[in-house]
>>> print(open('upload19.cif').read())   # mmCIF, C-alpha atoms
data_upload
loop_
_atom_site.label_atom_id
_atom_site.label_comp_id
_atom_site.auth_asym_id
_atom_site.auth_seq_id
_atom_site.Cartn_x
_atom_site.Cartn_y
_atom_site.Cartn_z
CA MET A 105 -16.94 17.89 -69.31
CA VAL A 106 -18.49 21.34 -69.86
CA ASP A 107 -21.10 20.82 -67.13
CA SER A 108 -18.43 20.06 -64.55
CA LEU A 109 -16.62 23.32 -65.37
CA LYS A 110 -19.66 25.59 -65.07
CA LEU A 111 -19.60 28.07 -62.21
CA LYS A 112 -22.63 27.99 -59.94
CA THR A 113 -22.61 31.73 -59.48
CA PHE A 114 -20.55 34.31 -61.27
CA ASN A 115 -20.09 37.82 -59.97
CA PRO A 116 -17.85 39.99 -62.20
CA ASN A 117 -17.24 42.37 -59.30
CA LYS A 118 -15.33 39.56 -57.60
CA TYR A 119 -12.64 39.79 -60.31
CA PRO A 120 -11.01 43.24 -60.36
CA ASN A 121 -9.07 44.49 -63.36
CA PRO A 122 -5.51 43.19 -62.73
CA ALA A 123 -3.79 45.95 -64.73
CA LEU A 124 -5.66 48.65 -62.85
CA GLN A 125 -4.98 47.01 -59.46
CA TRP A 126 -1.26 46.76 -60.30
CA HIS A 127 -1.25 50.45 -61.27
CA TYR A 128 -2.84 51.39 -57.92
CA ARG A 129 -0.31 49.27 -56.00
CA VAL A 130 2.64 50.91 -57.76
CA ILE A 131 1.25 54.40 -57.08
CA GLN A 132 0.70 53.49 -53.43
CA ALA A 133 4.25 52.12 -53.09
CA VAL A 134 5.75 55.23 -54.69
CA ALA A 135 3.61 57.61 -52.61
CA LEU A 136 4.43 55.87 -49.33
CA GLU A 137 8.06 55.33 -50.33
CA GLU A 138 7.75 51.56 -50.00
CA ASP A 139 9.39 48.85 -52.06
CA LEU A 140 7.70 48.12 -55.35
CA PRO A 141 5.76 44.84 -55.35
CA GLU A 142 7.43 42.05 -57.34
CA LYS A 143 4.40 40.49 -58.95
CA PRO A 144 0.79 41.62 -59.40
CA GLU A 145 -2.01 39.62 -57.84
CA ASP A 146 -4.27 38.45 -60.67
CA LYS A 147 -7.55 36.83 -59.68
CA THR A 148 -8.46 36.24 -63.34
CA ILE A 149 -5.83 33.51 -63.82
CA PRO A 150 -7.58 30.12 -64.01
CA LYS A 151 -7.15 27.70 -61.12
CA TYR A 152 -5.54 24.90 -63.10
CA SER A 153 -5.37 22.42 -60.21
CA MET A 154 -9.15 22.67 -59.67
CA ILE A 155 -9.79 22.32 -63.42
CA HIS A 156 -7.56 19.24 -63.55
CA LYS A 157 -9.36 17.75 -60.55
CA ARG A 158 -12.79 18.26 -62.12
CA VAL A 159 -12.20 17.35 -65.77
CA GLY A 160 -8.59 16.19 -66.15
CA GLU A 161 -9.45 12.57 -66.89
CA TYR A 162 -12.25 13.52 -69.32
CA ALA A 163 -9.96 15.93 -71.18
CA LEU A 164 -7.20 13.32 -71.55
CA ASN A 165 -9.68 10.72 -72.86
CA TRP A 166 -11.13 13.23 -75.29
CA GLY A 167 -7.63 14.13 -76.52
CA GLU A 168 -6.82 10.46 -77.15
CA GLU A 169 -10.05 9.96 -79.11
CA LEU A 170 -9.32 13.10 -81.11
CA ASN A 171 -5.83 11.84 -81.99
CA ASP A 172 -7.34 8.54 -83.12
CA GLU A 173 -9.75 10.38 -85.42
CA ILE A 174 -7.26 12.96 -86.73
CA PRO A 175 -3.65 11.81 -86.33
CA ALA A 176 -1.13 14.49 -85.39
CA GLY A 177 0.91 15.80 -88.28
CA ARG A 178 -1.74 15.21 -90.92
CA VAL A 179 -2.25 18.45 -92.75
CA GLU A 180 -5.15 19.17 -95.06
CA PRO A 181 -3.88 20.20 -98.52
CA SER A 182 -4.47 23.83 -99.35
CA PRO A 183 -6.06 24.74 -102.67
CA LYS A 184 -3.59 25.49 -105.45
CA LYS A 185 -3.43 28.96 -106.94
CA ARG A 186 -3.97 29.33 -110.63
CA LYS A 187 -1.18 30.87 -112.66
CA ALA A 188 -1.74 34.09 -114.53
CA VAL A 189 -2.50 33.72 -118.23
CA ARG A 190 0.12 35.26 -120.50
CA ALA A 191 0.24 35.63 -124.24
CA GLU A 192 2.89 33.56 -126.02
CA THR A 193 4.80 34.60 -129.12
CA ALA A 194 7.31 32.72 -131.23
CA ASP A 195 10.51 34.35 -132.44
CA GLU A 196 12.42 33.60 -135.66
CA ASP A 197 14.02 30.44 -134.24
CA GLY A 198 10.65 29.05 -133.19
CA ASP A 199 11.32 29.58 -129.46
CA VAL A 200 8.18 30.41 -127.53
CA LYS A 201 8.44 33.49 -125.36
CA LYS A 202 5.92 34.55 -122.77
CA VAL A 203 4.84 38.16 -123.11
CA LYS A 204 2.93 40.13 -120.52
CA ARG A 205 -0.24 41.79 -121.69
CA GLU A 206 0.10 45.46 -122.36
CA LYS A 207 -2.21 47.89 -120.65
CA LYS A 208 -4.51 49.87 -122.89
CA SER A 209 -3.75 53.55 -122.96
CA VAL A 210 -6.62 55.82 -122.04
CA GLU A 211 -6.95 59.01 -124.00
CA PRO A 212 -8.33 62.10 -122.29
CA ALA A 213 -11.88 62.91 -123.36
CA SER A 214 -12.39 65.94 -125.55
CA SER A 215 -14.64 68.78 -124.45
CA ASP A 216 -17.13 67.88 -127.23
CA LYS A 217 -17.40 64.33 -125.89
CA ILE A 218 -17.93 65.62 -122.34
CA GLU A 219 -20.64 68.04 -123.48
CA SER A 220 -22.48 65.33 -125.40
CA LEU A 221 -22.37 62.99 -122.39
CA TYR A 222 -23.70 65.77 -120.16
CA GLU A 223 -26.55 66.54 -122.57
CA GLN A 224 -27.50 62.85 -122.64
CA GLY A 225 -27.68 62.89 -118.83
CA ASN A 226 -24.69 60.58 -118.33
CA LEU A 227 -22.64 63.20 -116.45
CA MET A 228 -23.52 65.33 -113.45
CA SER A 229 -22.52 68.95 -113.14
CA VAL A 230 -20.11 70.05 -110.44
CA ARG A 231 -22.98 71.85 -108.68
CA SER A 232 -25.14 68.75 -108.50
CA ILE A 233 -22.18 66.67 -107.28
CA SER A 234 -21.52 69.15 -104.49
CA ARG A 235 -25.23 69.09 -103.57
CA HIS A 236 -25.14 65.28 -103.26
CA CYS A 237 -21.79 65.00 -101.51
CA LEU A 238 -21.67 67.97 -99.15
CA PRO A 239 -23.90 68.23 -96.10
#
>>> encode(input="upload19.cif", output="structure tokens")
Amino acid sequence: MVDSLKLKTFNPNKYPNPALQWHYRVIQAVALEEDLPEKPEDKTIPKYSMIHKRVGEYALNWGEELNDEIPAGRVEPSPKKRKAVRAETADEDGDVKKVKREKKSVEPASSDKIESLYEQGNLMSVRSISRHCLP
């Protein structure tokens, strides 16, 4: 089927840009005060009658075999998403309630902590950051 659709020679210059050609035609019609063309000529549209002549029967047979292998309407099941884990607590009556996890609060670091991290070599100075980041 693919071999019968191959072009013997292909010259891209034979297929002009349809949008650009339409633009030129509109400019020409406006400049010469002519009627605007109704429809652009597009040489890139496939010649369906020729394709059907060459491979129509093969394509129909292939489609029938494909439907026999994979019947229409059969959908592959998608994987299920896992639910988020939540903590459960029981109230006085014994009813279980789902409680969202609380985010940990982050305390700002003290200047002593920052200095000790810098002395250990775990922090970079502003000067060295600017040397690495700026050109």
>>> atom_distance(input="upload19.cif", atom1="CA of Ile155 (chain A)", atom2="CA of Leu124 (chain A)")
26.7 Å
>>> residues_around(input="upload19.cif", residues="region 157-161 of chain A", least_positions_apart="5", cutoff="8 Å", atoms="only C-alpha atoms", output="list in words")
Met105, Ser108 and Leu109 of chain A
>>> atom_distance(input="upload19.cif", atom1="CA of Asn171 (chain A)", atom2="CA of Leu111 (chain A)")
29.1 Å
>>> resolve_selection(input="upload19.cif", expression="the PyMOL selection byres ((chain A and resi 140) around 12)", output="PyMOL selection string")
chain A and resi 126-139+141-144
>>> atom_distance(input="upload19.cif", atom1="CA of Thr148 (chain A)", atom2="CA of Ala163 (chain A)")
21.8 Å
>>> resolve_selection(input="upload19.cif", expression="the PyMOL selection byres ((chain A and resi 119) around 10)", output="list in words")
Phe114, Asn115, Pro116, Asn117, Lys118, Pro120, Asn121, Pro122, Asp146, Lys147, Thr148 and Ile149 of chain A
>>> build_atoms(input="upload19.cif", residues="region 124-149 of chain A", atoms="N, CA and C atoms", output="mmCIF file, keeping the file's coordinate frame")
data_model
loop_
_atom_site.group_PDB
_atom_site.id
_atom_site.type_symbol
_atom_site.label_atom_id
_atom_site.label_comp_id
_atom_site.auth_asym_id
_atom_site.auth_seq_id
_atom_site.Cartn_x
_atom_site.Cartn_y
_atom_site.Cartn_z
ATOM 1 N N LEU A 124 -5.315 47.475 -63.645
ATOM 2 C CA LEU A 124 -5.660 48.650 -62.850
ATOM 3 C C LEU A 124 -5.230 48.469 -61.396
ATOM 4 N N GLN A 125 -5.404 47.278 -60.832
ATOM 5 C CA GLN A 125 -4.980 47.010 -59.460
ATOM 6 C C GLN A 125 -3.464 47.124 -59.323
ATOM 7 N N TRP A 126 -2.710 46.645 -60.318
ATOM 8 C CA TRP A 126 -1.260 46.760 -60.300
ATOM 9 C C TRP A 126 -0.847 48.229 -60.347
ATOM 10 N N HIS A 127 -1.528 49.013 -61.168
ATOM 11 C CA HIS A 127 -1.250 50.450 -61.270
ATOM 12 C C HIS A 127 -1.454 51.115 -59.908
ATOM 13 N N TYR A 128 -2.562 50.809 -59.235
ATOM 14 C CA TYR A 128 -2.840 51.390 -57.920
ATOM 15 C C TYR A 128 -1.778 50.988 -56.895
ATOM 16 N N ARG A 129 -1.331 49.734 -56.951
ATOM 17 C CA ARG A 129 -0.310 49.270 -56.000
ATOM 18 C C ARG A 129 1.012 49.986 -56.214
ATOM 19 N N VAL A 130 1.385 50.208 -57.467
ATOM 20 C CA VAL A 130 2.640 50.910 -57.760
ATOM 21 C C VAL A 130 2.545 52.356 -57.288
ATOM 22 N N ILE A 131 1.427 53.014 -57.545
ATOM 23 C CA ILE A 131 1.250 54.400 -57.080
ATOM 24 C C ILE A 131 1.325 54.463 -55.567
ATOM 25 N N GLN A 132 0.682 53.525 -54.895
ATOM 26 C CA GLN A 132 0.700 53.490 -53.430
ATOM 27 C C GLN A 132 2.126 53.294 -52.921
ATOM 28 N N ALA A 133 2.873 52.381 -53.534
ATOM 29 C CA ALA A 133 4.250 52.120 -53.090
ATOM 30 C C ALA A 133 5.133 53.344 -53.299
ATOM 31 N N VAL A 134 4.944 54.040 -54.420
ATOM 32 C CA VAL A 134 5.750 55.230 -54.690
ATOM 33 C C VAL A 134 5.362 56.356 -53.729
ATOM 34 N N ALA A 135 4.073 56.530 -53.495
ATOM 35 C CA ALA A 135 3.610 57.610 -52.610
ATOM 36 C C ALA A 135 4.051 57.398 -51.167
ATOM 37 N N LEU A 136 4.049 56.161 -50.711
ATOM 38 C CA LEU A 136 4.430 55.870 -49.330
ATOM 39 C C LEU A 136 5.896 55.491 -49.194
ATOM 40 N N GLU A 137 6.636 55.647 -50.280
ATOM 41 C CA GLU A 137 8.060 55.330 -50.330
ATOM 42 C C GLU A 137 8.348 53.920 -49.835
ATOM 43 N N GLU A 138 7.557 52.969 -50.325
ATOM 44 C CA GLU A 138 7.750 51.560 -50.000
ATOM 45 C C GLU A 138 8.424 50.873 -51.171
ATOM 46 N N ASP A 139 8.823 49.624 -50.959
ATOM 47 C CA ASP A 139 9.390 48.850 -52.060
ATOM 48 C C ASP A 139 8.291 48.499 -53.049
ATOM 49 N N LEU A 140 8.671 48.485 -54.329
ATOM 50 C CA LEU A 140 7.700 48.120 -55.350
ATOM 51 C C LEU A 140 7.375 46.629 -55.249
ATOM 52 N N PRO A 141 6.104 46.259 -55.387
ATOM 53 C CA PRO A 141 5.760 44.840 -55.350
ATOM 54 C C PRO A 141 6.415 44.100 -56.530
ATOM 55 N N GLU A 142 6.763 42.828 -56.297
ATOM 56 C CA GLU A 142 7.430 42.050 -57.340
ATOM 57 C C GLU A 142 6.473 41.566 -58.411
ATOM 58 N N LYS A 143 5.310 41.141 -58.007
ATOM 59 C CA LYS A 143 4.400 40.490 -58.950
ATOM 60 C C LYS A 143 2.969 40.912 -58.638
ATOM 61 N N PRO A 144 2.186 41.231 -59.668
ATOM 62 C CA PRO A 144 0.790 41.620 -59.400
ATOM 63 C C PRO A 144 -0.054 40.407 -59.013
ATOM 64 N N GLU A 145 -1.061 40.667 -58.207
ATOM 65 C CA GLU A 145 -2.010 39.620 -57.840
ATOM 66 C C GLU A 145 -3.126 39.640 -58.884
ATOM 67 N N ASP A 146 -3.298 38.528 -59.585
ATOM 68 C CA ASP A 146 -4.270 38.450 -60.670
ATOM 69 C C ASP A 146 -5.291 37.368 -60.357
ATOM 70 N N LYS A 147 -6.500 37.792 -60.014
ATOM 71 C CA LYS A 147 -7.550 36.830 -59.680
ATOM 72 C C LYS A 147 -8.240 36.263 -60.913
ATOM 73 N N THR A 148 -7.844 36.743 -62.110
ATOM 74 C CA THR A 148 -8.460 36.240 -63.340
ATOM 75 C C THR A 148 -7.734 35.021 -63.910
ATOM 76 N N ILE A 149 -6.566 34.681 -63.349
ATOM 77 C CA ILE A 149 -5.830 33.510 -63.820
ATOM 78 C C ILE A 149 -6.608 32.255 -63.408
#
